[in-house]
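Novice: My file is protein.txt. It has compact mmCIF, C-alpha atoms:
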```
# COMPACT_ATOMS: atom_id res chain seq x y z
CA MET A 83 17.23 244.85 95.11
CA ARG A 84 14.56 242.55 96.56
CA LEU A 85 13.20 243.29 100.04
CA GLY A 86 10.56 241.56 102.09
CA ILE A 87 8.63 242.74 105.12
CA LEU A 88 7.55 239.91 107.37
CA VAL A 89 4.31 240.79 109.16
CA THR A 90 1.49 239.27 111.15
CA HIS A 91 -0.77 241.90 109.61
CA ILE A 92 -0.37 245.52 108.61
CA ARG A 93 -0.63 247.99 111.45
CA ALA A 94 -0.03 251.73 111.31
CA GLU A 95 3.74 251.20 111.58
CA GLU A 96 3.96 248.71 108.72
CA LYS A 97 1.83 250.96 106.53
CA LEU A 98 4.15 253.88 107.24
CA LEU A 99 7.16 251.71 106.43
CA ILE A 100 5.68 250.42 103.17
CA GLN A 101 4.85 253.99 102.13
CA ALA A 102 8.38 255.10 103.03
CA PHE A 103 9.87 252.27 100.96
CA GLU A 104 7.67 253.26 98.02
CA LYS A 105 8.82 256.86 98.40
CA ALA A 106 12.39 255.56 98.16
CA GLY A 107 11.49 253.74 94.93
CA ILE A 108 11.31 250.24 96.47
CA GLN A 109 8.25 248.01 96.42
CA PRO A 110 8.78 245.51 99.24
CA ASP A 111 7.14 242.10 99.17
CA ILE A 112 4.70 241.55 102.04
CA LEU A 113 5.25 238.17 103.70
CA LEU A 114 2.49 237.04 106.06
CA ASP A 115 3.70 234.92 108.94
CA ARG A 116 0.41 232.95 108.87
CA GLU A 117 1.33 231.69 105.38
CA LEU A 118 4.76 230.34 106.30
CA ASN A 119 5.24 226.61 105.86
CA ILE A 120 8.96 226.00 105.88
CA ASP A 121 10.89 222.78 105.36
CA ILE A 122 13.56 223.17 108.03
CA THR A 123 16.09 221.08 106.12
CA GLY A 124 15.03 222.39 102.71
CA GLY A 125 17.34 225.38 102.62
CA ALA A 126 16.97 228.86 101.22
CA GLY A 127 16.12 227.66 97.74
CA GLN A 128 12.57 226.81 98.76
CA PRO A 129 9.94 229.40 97.92
CA ALA A 130 8.67 232.04 100.30
CA PRO A 131 4.88 232.56 100.30
CA THR A 132 5.39 235.00 97.41
CA GLY A 133 6.69 232.10 95.26
CA ILE A 134 10.13 233.70 95.19
CA PRO A 135 12.98 231.63 96.68
CA TRP A 136 14.06 232.93 100.04
CA GLN A 137 17.64 233.15 98.84
CA ASP A 138 16.65 235.79 96.27
CA TYR A 139 15.80 238.26 99.02
CA ASP A 140 18.55 240.73 99.82
CA LEU A 141 17.00 241.49 103.19
CA ILE A 142 13.93 240.68 105.25
CA LEU A 143 12.63 243.34 107.64
CA GLU A 144 10.88 241.52 110.49
CA ARG A 145 7.82 243.39 111.75
CA CYS A 146 5.67 240.62 113.24
CA VAL A 147 3.43 241.52 116.15
CA SER A 148 3.72 237.84 117.08
CA THR A 149 7.05 237.59 118.86
CA SER A 150 7.39 233.82 118.50
CA ARG A 151 6.62 233.77 114.79
CA GLY A 152 9.02 236.61 114.11
CA MET A 153 11.79 235.17 116.23
CA TYR A 154 11.69 231.64 114.84
CA THR A 155 11.55 232.93 111.29
CA LEU A 156 14.60 235.07 111.97
CA ALA A 157 16.37 232.00 113.36
CA ILE A 158 15.66 230.08 110.17
CA LEU A 159 16.58 232.91 107.80
CA ASN A 160 19.80 233.75 109.62
CA THR A 161 20.75 230.05 109.64
CA TRP A 162 20.37 230.15 105.86
CA GLY A 163 22.55 233.25 105.67
CA ILE A 164 19.75 235.62 104.73
CA GLN A 165 20.20 239.13 106.05
CA THR A 166 17.46 240.31 108.39
CA ILE A 167 16.64 243.34 110.50
CA ASN A 168 16.84 242.70 113.32
CA THR A 169 18.97 239.60 113.65
CA TYR A 170 17.74 236.54 115.50
CA GLN A 171 20.42 237.13 118.10
CA THR A 172 19.12 240.61 118.88
CA ALA A 173 15.47 239.54 118.81
CA ALA A 174 16.08 236.58 121.12
CA ILE A 175 17.73 238.81 123.71
CA CYS A 176 15.17 241.61 123.52
CA ALA A 177 12.19 239.23 123.60
CA ASP A 178 13.30 237.91 126.97
CA LYS A 179 13.59 240.37 129.85
CA LEU A 180 15.96 238.11 131.74
CA GLN A 181 18.29 237.80 128.75
CA THR A 182 18.11 241.56 128.26
CA SER A 183 19.08 242.15 131.89
CA LEU A 184 22.01 239.78 131.49
CA ALA A 185 23.19 241.50 128.31
CA LEU A 186 22.97 244.91 129.99
CA SER A 187 24.79 243.59 133.03
CA ARG A 188 27.61 242.19 130.91
CA CYS A 189 28.15 245.66 129.47
CA HIS A 190 27.84 247.45 132.84
CA ILE A 191 24.79 249.41 131.74
CA PRO A 192 22.70 250.80 134.61
CA GLN A 193 19.35 249.07 135.10
CA PRO A 194 16.86 248.62 137.95
CA THR A 195 17.90 246.18 140.66
CA THR A 196 16.68 242.84 139.32
CA ARG A 197 16.48 239.37 140.82
CA VAL A 198 15.26 236.04 139.47
CA ALA A 199 13.77 233.14 141.40
CA PHE A 200 11.96 229.94 140.45
CA THR A 201 9.79 228.90 143.39
CA PRO A 202 7.16 230.71 145.46
CA GLU A 203 9.38 230.63 148.54
CA SER A 204 12.50 231.97 146.82
CA ALA A 205 10.41 234.53 144.94
CA MET A 206 9.04 235.85 148.23
CA GLN A 207 12.59 236.15 149.50
CA ALA A 208 13.73 237.86 146.30
CA ILE A 209 10.93 240.41 146.61
CA SER A 210 12.01 241.13 150.19
CA ASP A 211 15.60 241.47 148.97
CA VAL A 212 14.73 244.23 146.48
CA ASN A 213 12.32 245.74 149.07
CA TYR A 214 8.69 246.73 148.71
CA PRO A 215 7.30 248.03 146.45
CA ALA A 216 8.64 245.63 143.85
CA VAL A 217 7.60 244.93 140.28
CA LEU A 218 6.88 241.42 138.98
CA LYS A 219 7.02 240.90 135.24
CA PRO A 220 6.66 237.89 132.98
CA VAL A 221 10.02 237.35 131.26
CA THR A 222 8.25 237.52 127.92
CA GLY A 223 5.39 239.82 127.07
CA SER A 224 4.69 243.34 126.00
CA TRP A 225 2.37 246.33 126.24
CA GLY A 226 2.53 246.23 130.02
CA ARG A 227 0.59 242.96 130.20
CA LEU A 228 0.63 241.18 133.56
CA LEU A 229 3.00 243.62 135.21
CA ALA A 230 2.34 243.83 138.92
CA ARG A 231 3.48 246.41 141.41
CA VAL A 232 3.68 244.56 144.69
CA ASN A 233 3.35 246.91 147.62
CA ASP A 234 3.37 244.46 150.51
CA ARG A 235 3.77 240.82 151.53
CA ASP A 236 0.04 240.08 151.24
CA SER A 237 -0.15 241.15 147.61
CA ALA A 238 3.11 239.34 146.82
CA GLU A 239 1.71 236.08 148.18
CA ALA A 240 -1.52 236.54 146.24
CA ILE A 241 0.17 237.26 142.92
CA ILE A 242 2.62 234.39 143.29
CA GLU A 243 -0.16 231.96 144.15
CA HIS A 244 -2.14 233.09 141.12
CA ARG A 245 0.87 232.71 138.86
CA GLN A 246 1.67 229.26 140.21
CA THR A 247 -1.91 228.09 139.84
CA LEU A 248 -3.12 229.81 136.69
CA GLY A 249 0.04 230.43 134.71
CA ASP A 250 2.01 228.03 132.53
CA TYR A 251 5.69 227.36 133.25
CA ASN A 252 6.71 230.71 131.76
CA HIS A 253 4.98 232.40 134.69
CA HIS A 254 6.90 230.31 137.19
CA THR A 255 10.09 232.20 136.40
CA TYR A 256 9.89 235.14 138.77
CA TYR A 257 11.57 238.21 137.33
CA ILE A 258 11.53 240.79 140.08
CA GLN A 259 12.65 244.41 139.91
CA ALA A 260 12.92 247.10 142.51
CA TYR A 261 10.23 249.70 141.84
CA VAL A 262 11.78 252.90 140.52
CA GLU A 263 10.21 256.12 141.77
CA LYS A 264 10.11 257.89 138.45
CA PRO A 265 8.81 261.42 137.84
CA GLY A 266 5.46 260.38 136.31
CA ARG A 267 7.09 259.49 133.06
CA ASP A 268 9.67 257.31 131.38
CA ILE A 269 11.71 257.73 128.23
CA ARG A 270 11.50 255.79 125.02
CA ALA A 271 14.47 256.36 122.73
CA PHE A 272 14.66 255.14 119.15
CA VAL A 273 17.98 253.78 117.95
CA VAL A 274 18.58 253.14 114.27
CA GLY A 275 22.01 251.68 113.66
CA ASP A 276 24.55 253.84 115.42
CA ARG A 277 22.23 256.84 115.87
CA THR A 278 19.71 257.74 118.52
CA ILE A 279 17.29 259.40 116.13
CA CYS A 280 14.77 260.73 118.66
CA ALA A 281 13.11 260.05 121.99
CA ILE A 282 9.80 260.66 123.69
CA TYR A 283 8.67 261.08 127.25
CA ARG A 284 5.73 258.84 128.09
CA GLN A 285 3.71 260.64 130.73
CA SER A 286 1.04 258.94 132.77
CA ASP A 287 -0.66 259.16 136.14
CA HIS A 288 -0.44 255.37 136.20
CA TRP A 289 2.88 253.73 137.07
CA ILE A 290 2.70 251.84 133.75
CA THR A 291 3.51 254.48 131.14
CA ASN A 292 3.26 252.48 127.89
CA THR A 293 1.52 254.45 125.15
CA ALA A 294 -0.41 251.20 124.51
CA ARG A 295 -1.81 251.77 128.00
CA GLY A 296 -2.62 255.44 127.53
CA GLY A 297 0.71 257.14 128.24
CA ALA A 298 0.96 260.52 126.48
CA ALA A 299 3.96 261.14 124.21
CA SER A 300 6.00 264.34 124.11
CA ASN A 301 9.44 265.16 122.75
CA CYS A 302 12.46 264.23 124.86
CA PRO A 303 15.69 265.97 123.85
CA ILE A 304 18.61 263.68 123.06
CA THR A 305 21.34 264.74 125.45
CA PRO A 306 24.89 263.38 125.11
CA VAL A 307 24.29 261.30 128.25
CA LEU A 308 21.08 259.80 126.87
CA ASP A 309 22.66 259.19 123.49
CA ASP A 310 25.65 257.43 125.02
CA LEU A 311 23.44 255.23 127.19
CA CYS A 312 21.23 254.28 124.24
CA GLN A 313 24.18 253.44 122.02
CA ARG A 314 25.73 251.25 124.66
CA ALA A 315 22.41 249.54 125.41
CA ALA A 316 21.75 248.88 121.73
CA ALA A 317 25.24 247.46 121.25
CA ALA A 318 24.75 245.23 124.31
CA VAL A 319 21.87 243.40 122.62
CA GLY A 320 23.48 243.21 119.20
CA GLY A 321 22.33 246.48 117.62
CA GLY A 322 19.88 247.18 114.82
CA ILE A 323 16.58 249.07 114.96
CA LEU A 324 15.52 249.28 118.58
CA ALA A 325 13.37 251.16 121.04
CA ILE A 326 14.99 251.56 124.43
CA ASP A 327 12.83 252.16 127.49
CA ILE A 328 14.57 254.18 130.17
CA LEU A 329 13.59 255.14 133.70
CA GLU A 330 14.80 258.20 135.59
CA ASP A 331 15.28 257.38 139.26
CA ALA A 332 14.86 259.81 142.16
CA ASP A 333 18.50 260.92 141.77
CA GLY A 334 18.06 261.58 138.07
CA GLN A 335 20.13 258.56 137.04
CA LEU A 336 19.01 256.90 133.83
CA LEU A 337 18.27 253.17 134.04
CA VAL A 338 17.61 250.97 131.02
CA ASN A 339 14.40 249.09 131.66
CA GLU A 340 13.62 247.18 128.47
CA ILE A 341 14.64 247.04 124.82
CA ASN A 342 12.12 246.37 122.05
CA HIS A 343 13.16 244.83 118.74
CA THR A 344 9.93 245.39 116.72
CA MET A 345 9.18 248.86 117.98
CA GLU A 346 5.93 250.69 117.62
CA PHE A 347 6.33 254.33 116.66
CA ARG A 348 3.00 255.58 115.31
CA ASN A 349 2.67 258.15 118.11
CA SER A 350 6.28 259.25 118.16
CA SER A 351 7.01 260.96 114.85
CA ALA A 352 4.60 263.86 115.47
CA PRO A 353 5.99 264.97 118.87
CA THR A 354 9.62 264.52 117.85
CA GLY A 355 9.37 265.88 114.32
CA VAL A 356 11.43 262.90 113.13
CA ASP A 357 10.13 260.74 110.28
CA ILE A 358 10.92 257.44 111.99
CA ALA A 359 9.67 255.30 109.10
CA ALA A 360 11.93 257.17 106.67
CA GLU A 361 14.89 256.69 109.03
CA VAL A 362 14.21 252.96 109.27
CA VAL A 363 13.92 252.64 105.50
CA ALA A 364 17.12 254.62 104.85
CA TYR A 365 19.02 252.43 107.31
CA THR A 366 17.56 249.24 105.83
CA LEU A 367 18.50 250.21 102.27
CA ASN A 368 21.96 251.18 103.43
CA GLN A 369 22.42 247.78 105.08
CA VAL A 370 21.59 246.06 101.79
CA GLU A 371 24.06 248.25 99.95
CA VAL A 372 26.74 247.63 102.55
CA ARG A 373 26.33 243.89 102.10
CA VAL A 374 26.18 244.03 98.29
CA MET B 185 -20.11 246.75 106.01
CA CYS B 186 -18.66 245.90 109.39
CA PRO B 187 -18.92 242.10 109.86
CA GLU B 188 -19.54 242.68 113.56
CA CYS B 189 -22.21 245.40 113.63
CA ASP B 190 -23.17 245.95 109.96
CA ALA B 191 -22.15 249.62 110.09
CA GLU B 192 -21.19 251.27 106.82
CA LEU B 193 -17.43 251.68 106.60
CA ASN B 194 -15.35 254.21 104.70
CA ILE B 195 -12.26 252.38 103.55
CA PRO B 196 -9.29 254.77 103.16
CA ALA B 197 -8.11 255.35 99.61
CA ASP B 198 -4.63 254.13 100.53
CA ALA B 199 -5.90 250.99 102.27
CA MET B 200 -3.78 247.85 101.93
CA GLU B 201 -4.60 244.17 102.04
CA ASN B 202 -4.04 242.71 105.49
CA GLU B 203 -4.29 246.18 107.05
CA ILE B 204 -6.04 246.45 110.38
CA ILE B 205 -8.76 249.09 110.63
CA ALA B 206 -11.25 249.90 113.37
CA CYS B 207 -15.01 250.12 112.90
CA PRO B 208 -16.00 253.66 113.96
CA ASP B 209 -19.36 252.41 115.25
CA CYS B 210 -18.61 249.31 117.33
CA GLY B 211 -14.82 249.70 117.66
CA ALA B 212 -14.14 246.17 116.40
CA GLU B 213 -10.73 245.67 114.84
CA LEU B 214 -11.08 244.42 111.29
CA GLU B 215 -8.62 243.05 108.79
CA ILE B 216 -8.91 243.87 105.11
CA ILE B 217 -8.63 240.41 103.58
CA SER B 218 -9.16 241.60 100.04
CA LEU B 219 -9.48 245.01 98.38
CA ASN B 220 -11.04 243.88 95.13
CA PRO B 221 -13.61 242.68 95.91
CA LEU B 222 -13.63 244.26 99.35
CA GLN B 223 -13.64 241.60 102.03
CA LEU B 224 -13.33 242.25 105.75
CA GLU B 225 -12.96 239.87 108.68
CA LEU B 226 -12.67 240.37 112.38
CA ALA B 227 -8.98 240.79 113.20
CA PRO B 228 -7.40 237.94 115.17
CA GLU B 229 -7.58 238.17 118.96
CA VAL B 230 -4.43 239.46 120.64
CA GLU B 231 -2.25 236.51 121.68
CA GLU B 232 0.01 236.25 124.70
CA ASP B 233 3.21 236.74 122.71
CA TRP B 234 2.03 239.78 120.77
CA GLY B 235 3.83 243.04 121.28
CA GLU B 236 6.98 244.93 120.46
```
Will you turn the file into structure tokens for me?

Specialist:
Amino acid sequence: MRLGILVTHIRAEEKLLIQAFEKAGIQPDILLDRELNIDITGGAGQPAPTGIPWQDYDLILERCVSTSRGMYTLAILNTWGIQTINTYQTAAICADKLQTSLALSRCHIPQPTTRVAFTPESAMQAISDVNYPAVLKPVTGSWGRLLARVNDRDSAEAIIEHRQTLGDYNHHTYYIQAYVEKPGRDIRAFVVGDRTICAIYRQSDHWITNTARGGAASNCPITPVLDDLCQRAAAAVGGGILAIDILEDADGQLLVNEINHTMEFRNSSAPTGVDIAAEVVAYTLNQVEVRV
Amino acid sequence: MCPECDAELNIPADAMENEIIACPDCGAELEIISLNPLQLELAPEVEEDWGE
């Protein structure tokens, strides 16, 4: 069995995964995205940066912190028929909040009220339509970057003008959500294949609860309702290894907010007691065996 | 030595090439370019598409 891990560099998560592979008796090849130089028409017989032909890999686990590098590489590898986790299809949906919302909508999965507009005027109207406060997000991006809670018309006008003037075209797609009054926390659930292996609450005094922004992690029990929602949400984007961000609204209803396809989990194994890296590795090895 | 502040660094025994570590003195993120011989560089700046 020959496995590769595609990385931008090795963070805590990738180190945990490599150690878990080694514990399972597998030495994965580390593939650096900065070293890729691929002939698009050259096919899978051309060598990877390791010198080994791409076609000799049974599976590539994509763990790039660079979304674009990871996604395009998945597109190439899947076009060549090389098995990857996750697939390009799943990554492309999860990397784009608008595409994620559409996928969730197609499968009737509850999510915050969301509107999209493309001009300052229509964006102002869309914000009014979801009511203040609203949340503006770039359609691509992570770690809570450039999220804006818009409390009134003045701040909406200011943020839109800044985005029109300072942002590239990506920031001229206005993805607008109704602000969800959540109980000082959200939920991040980890889905590996057809199992919701664990979940954490992310508690914060700030409305942005990402652990990358200082949110504190504690164990969140997996109830049948949460499990069902996570399974349906994962299936809606194509499945694989995913982290699903969920909001609890004032009525206690669970709303799927975002889905992450190269999840970070360094702070989540300790509070949940689940060895997430070992779960990911077991699933990955099983996928290779299934295919073989 | 940290390439940013010259602090002495303790490299973990299980360190890997291309691993990101933080300098305990100045907080700079560093990438281990090579383990033998040890070579460190400042880690790349976070780009707009970085994340999960």

Novice: Rounded to one decimal, what separation in Å do you get between atom CA of Gly223 of chain A and atom CA of Glu231 of chain B?

Specialist: 9.9 Å

Novice: Using all atoms listed in the file, which chain A residues lie at most 9 Å away from chain B, written as an mmCIF file with C-alpha atoms, in the frame of the given file?

Specialist:
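Resulting contents of selection.cif:
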```
data_model
loop_
_atom_site.group_PDB
_atom_site.id
_atom_site.type_symbol
_atom_site.label_atom_id
_atom_site.label_comp_id
_atom_site.auth_asym_id
_atom_site.auth_seq_id
_atom_site.Cartn_x
_atom_site.Cartn_y
_atom_site.Cartn_z
ATOM 1 C CA THR A 90 1.490 239.270 111.150
ATOM 2 C CA HIS A 91 -0.770 241.900 109.610
ATOM 3 C CA ILE A 92 -0.370 245.520 108.610
ATOM 4 C CA ARG A 93 -0.630 247.990 111.450
ATOM 5 C CA ALA A 94 -0.030 251.730 111.310
ATOM 6 C CA GLU A 96 3.960 248.710 108.720
ATOM 7 C CA LYS A 97 1.830 250.960 106.530
ATOM 8 C CA LEU A 114 2.490 237.040 106.060
ATOM 9 C CA ARG A 145 7.820 243.390 111.750
ATOM 10 C CA CYS A 146 5.670 240.620 113.240
ATOM 11 C CA VAL A 147 3.430 241.520 116.150
ATOM 12 C CA SER A 148 3.720 237.840 117.080
ATOM 13 C CA THR A 149 7.050 237.590 118.860
ATOM 14 C CA SER A 150 7.390 233.820 118.500
ATOM 15 C CA ALA A 177 12.190 239.230 123.600
ATOM 16 C CA THR A 222 8.250 237.520 127.920
ATOM 17 C CA GLY A 223 5.390 239.820 127.070
ATOM 18 C CA SER A 224 4.690 243.340 126.000
ATOM 19 C CA TRP A 225 2.370 246.330 126.240
ATOM 20 C CA ARG A 227 0.590 242.960 130.200
ATOM 21 C CA ALA A 325 13.370 251.160 121.040
ATOM 22 C CA ASN A 342 12.120 246.370 122.050
ATOM 23 C CA HIS A 343 13.160 244.830 118.740
ATOM 24 C CA THR A 344 9.930 245.390 116.720
ATOM 25 C CA MET A 345 9.180 248.860 117.980
ATOM 26 C CA GLU A 346 5.930 250.690 117.620
#
```

Novice: List every protein, DNA or RNA residue with an atom no more than 12 Å from (2.2, 246.9, 140.6) in the file's coordinates, counting only C-alpha atoms, and format the result as a PDB file with C-alpha atoms, in the frame of the given file.

Specialist:
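Dumped to selection.pdb:
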```
ATOM      1  CA  TYR A 214       8.690 246.730 148.710  1.00  0.00           C
ATOM      2  CA  PRO A 215       7.300 248.030 146.450  1.00  0.00           C
ATOM      3  CA  ALA A 216       8.640 245.630 143.850  1.00  0.00           C
ATOM      4  CA  VAL A 217       7.600 244.930 140.280  1.00  0.00           C
ATOM      5  CA  LEU A 218       6.880 241.420 138.980  1.00  0.00           C
ATOM      6  CA  LYS A 219       7.020 240.900 135.240  1.00  0.00           C
ATOM      7  CA  GLY A 226       2.530 246.230 130.020  1.00  0.00           C
ATOM      8  CA  ARG A 227       0.590 242.960 130.200  1.00  0.00           C
ATOM      9  CA  LEU A 228       0.630 241.180 133.560  1.00  0.00           C
ATOM     10  CA  LEU A 229       3.000 243.620 135.210  1.00  0.00           C
ATOM     11  CA  ALA A 230       2.340 243.830 138.920  1.00  0.00           C
ATOM     12  CA  ARG A 231       3.480 246.410 141.410  1.00  0.00           C
ATOM     13  CA  VAL A 232       3.680 244.560 144.690  1.00  0.00           C
ATOM     14  CA  ASN A 233       3.350 246.910 147.620  1.00  0.00           C
ATOM     15  CA  ASP A 234       3.370 244.460 150.510  1.00  0.00           C
ATOM     16  CA  SER A 237      -0.150 241.150 147.610  1.00  0.00           C
ATOM     17  CA  ALA A 238       3.110 239.340 146.820  1.00  0.00           C
ATOM     18  CA  ILE A 241       0.170 237.260 142.920  1.00  0.00           C
ATOM     19  CA  ILE A 258      11.530 240.790 140.080  1.00  0.00           C
ATOM     20  CA  GLN A 259      12.650 244.410 139.910  1.00  0.00           C
ATOM     21  CA  ALA A 260      12.920 247.100 142.510  1.00  0.00           C
ATOM     22  CA  TYR A 261      10.230 249.700 141.840  1.00  0.00           C
ATOM     23  CA  VAL A 262      11.780 252.900 140.520  1.00  0.00           C
ATOM     24  CA  HIS A 288      -0.440 255.370 136.200  1.00  0.00           C
ATOM     25  CA  TRP A 289       2.880 253.730 137.070  1.00  0.00           C
ATOM     26  CA  ILE A 290       2.700 251.840 133.750  1.00  0.00           C
TER      27      ILE A 290
END
```

Novice: Measuring between all atoms listed in the file, which one of A:Ile323, A:Ala360, A:Ile341, A:Val221 shows the shortest distance to Gly275 of chain A?

Specialist: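 Ranking A:Ile323, A:Ala360, A:Ile341, A:Val221 by distance to Gly275 of chain A, first place goes to A:Ile323.
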
Novice: So what do you get for atom CA of Ala316 of chain A versus atom CA of His254 of chain A, distance-wise?

Specialist: 28.4 Å

Novice: Using only C-alpha atoms, which protein or nucleic acid residues come within 8 Å of Ala281 of chain A? Drop anything in the same chain fewer than 4 positions from it, and give the result as a list in words.

Specialist: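 Here the answer would be Ile269, Arg270, Ala271, Phe272, Asn301, Cys302, Pro303, Ile304, Ser350 and Thr354 of chain A.
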
Novice: Take the selection from the previous step and output its residues with C-alpha atoms, as an mmCIF file, in the frame of the given file.

Specialist:
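For reference, selection-v9.cif as written:
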```cif
data_model
loop_
_atom_site.group_PDB
_atom_site.id
_atom_site.type_symbol
_atom_site.label_atom_id
_atom_site.label_comp_id
_atom_site.auth_asym_id
_atom_site.auth_seq_id
_atom_site.Cartn_x
_atom_site.Cartn_y
_atom_site.Cartn_z
ATOM 1 C CA ILE A 269 11.710 257.730 128.230
ATOM 2 C CA ARG A 270 11.500 255.790 125.020
ATOM 3 C CA ALA A 271 14.470 256.360 122.730
ATOM 4 C CA PHE A 272 14.660 255.140 119.150
ATOM 5 C CA ASN A 301 9.440 265.160 122.750
ATOM 6 C CA CYS A 302 12.460 264.230 124.860
ATOM 7 C CA PRO A 303 15.690 265.970 123.850
ATOM 8 C CA ILE A 304 18.610 263.680 123.060
ATOM 9 C CA SER A 350 6.280 259.250 118.160
ATOM 10 C CA THR A 354 9.620 264.520 117.850
#
```

Novice: For Asp209 of chain B, please output as a ChimeraX atom specification all residues within 10 Å (counting all atoms listed in the file; exclusion window: fewer than 4 positions along the same chain).

Specialist: /B:186,188-193

Novice: What does the structure give for the distance between atom CA of Val338 of chain A and atom CA of Gln193 of chain A, in Å to one decimal?

Specialist: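 About the pair atom CA of Val338 of chain A and atom CA of Gln193 of chain A: they are 4.8 Å apart.
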
Novice: Need to verify the contact set: Phe200 of chain A, 9 Å, all atoms listed in the file, exclusion of same-chain residues closer than 5 positions in sequence. Can you return it as a list in words?

Specialist: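 Near Phe200 of chain A, the qualifying residues are Ala205, His254, Thr255, Tyr256 and Tyr257 of chain A.
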
Novice: Excluding segment 119-134 of chain A and residues on its chain fewer than 3 positions from it, collect all residues at most 12 Å away from it, counting all atoms listed in the file, and give them as an mmCIF file with C-alpha atoms, in the coordinates of the input.

Specialist:
```cif
data_model
loop_
_atom_site.group_PDB
_atom_site.id
_atom_site.type_symbol
_atom_site.label_atom_id
_atom_site.label_comp_id
_atom_site.auth_asym_id
_atom_site.auth_seq_id
_atom_site.Cartn_x
_atom_site.Cartn_y
_atom_site.Cartn_z
ATOM 1 C CA ARG A 84 14.560 242.550 96.560
ATOM 2 C CA LEU A 85 13.200 243.290 100.040
ATOM 3 C CA GLY A 86 10.560 241.560 102.090
ATOM 4 C CA ILE A 87 8.630 242.740 105.120
ATOM 5 C CA LEU A 88 7.550 239.910 107.370
ATOM 6 C CA PRO A 110 8.780 245.510 99.240
ATOM 7 C CA ASP A 111 7.140 242.100 99.170
ATOM 8 C CA ILE A 112 4.700 241.550 102.040
ATOM 9 C CA LEU A 113 5.250 238.170 103.700
ATOM 10 C CA LEU A 114 2.490 237.040 106.060
ATOM 11 C CA ASP A 115 3.700 234.920 108.940
ATOM 12 C CA ARG A 116 0.410 232.950 108.870
ATOM 13 C CA GLN A 137 17.640 233.150 98.840
ATOM 14 C CA ASP A 138 16.650 235.790 96.270
ATOM 15 C CA TYR A 139 15.800 238.260 99.020
ATOM 16 C CA ASP A 140 18.550 240.730 99.820
ATOM 17 C CA ILE A 142 13.930 240.680 105.250
ATOM 18 C CA ARG A 151 6.620 233.770 114.790
ATOM 19 C CA TYR A 154 11.690 231.640 114.840
ATOM 20 C CA THR A 155 11.550 232.930 111.290
ATOM 21 C CA ALA A 157 16.370 232.000 113.360
ATOM 22 C CA ILE A 158 15.660 230.080 110.170
ATOM 23 C CA LEU A 159 16.580 232.910 107.800
ATOM 24 C CA ASN A 160 19.800 233.750 109.620
ATOM 25 C CA THR A 161 20.750 230.050 109.640
ATOM 26 C CA TRP A 162 20.370 230.150 105.860
ATOM 27 C CA GLY A 163 22.550 233.250 105.670
ATOM 28 C CA ILE A 164 19.750 235.620 104.730
ATOM 29 C CA GLN A 165 20.200 239.130 106.050
#
```

Novice: Check the smallest atom-to-atom distance from each of A:Gln207, A:Val362, A:Glu263, A:Thr305 to Asp331 of chain A using all atoms listed in the file, then report the winner.

Specialist: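 The closest residue to Asp331 of chain A is A:Glu263.
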
Novice: Compare A:Gly249, A:Gly334, A:Pro353, A:Gly321 by their minimum atom-to-atom distance to Ala185 of chain A, counting all atoms listed in the file, and give me the closest one.

Specialist: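 Of A:Gly249, A:Gly334, A:Pro353, A:Gly321, the one nearest Ala185 of chain A is A:Gly321, counting all atoms listed in the file.
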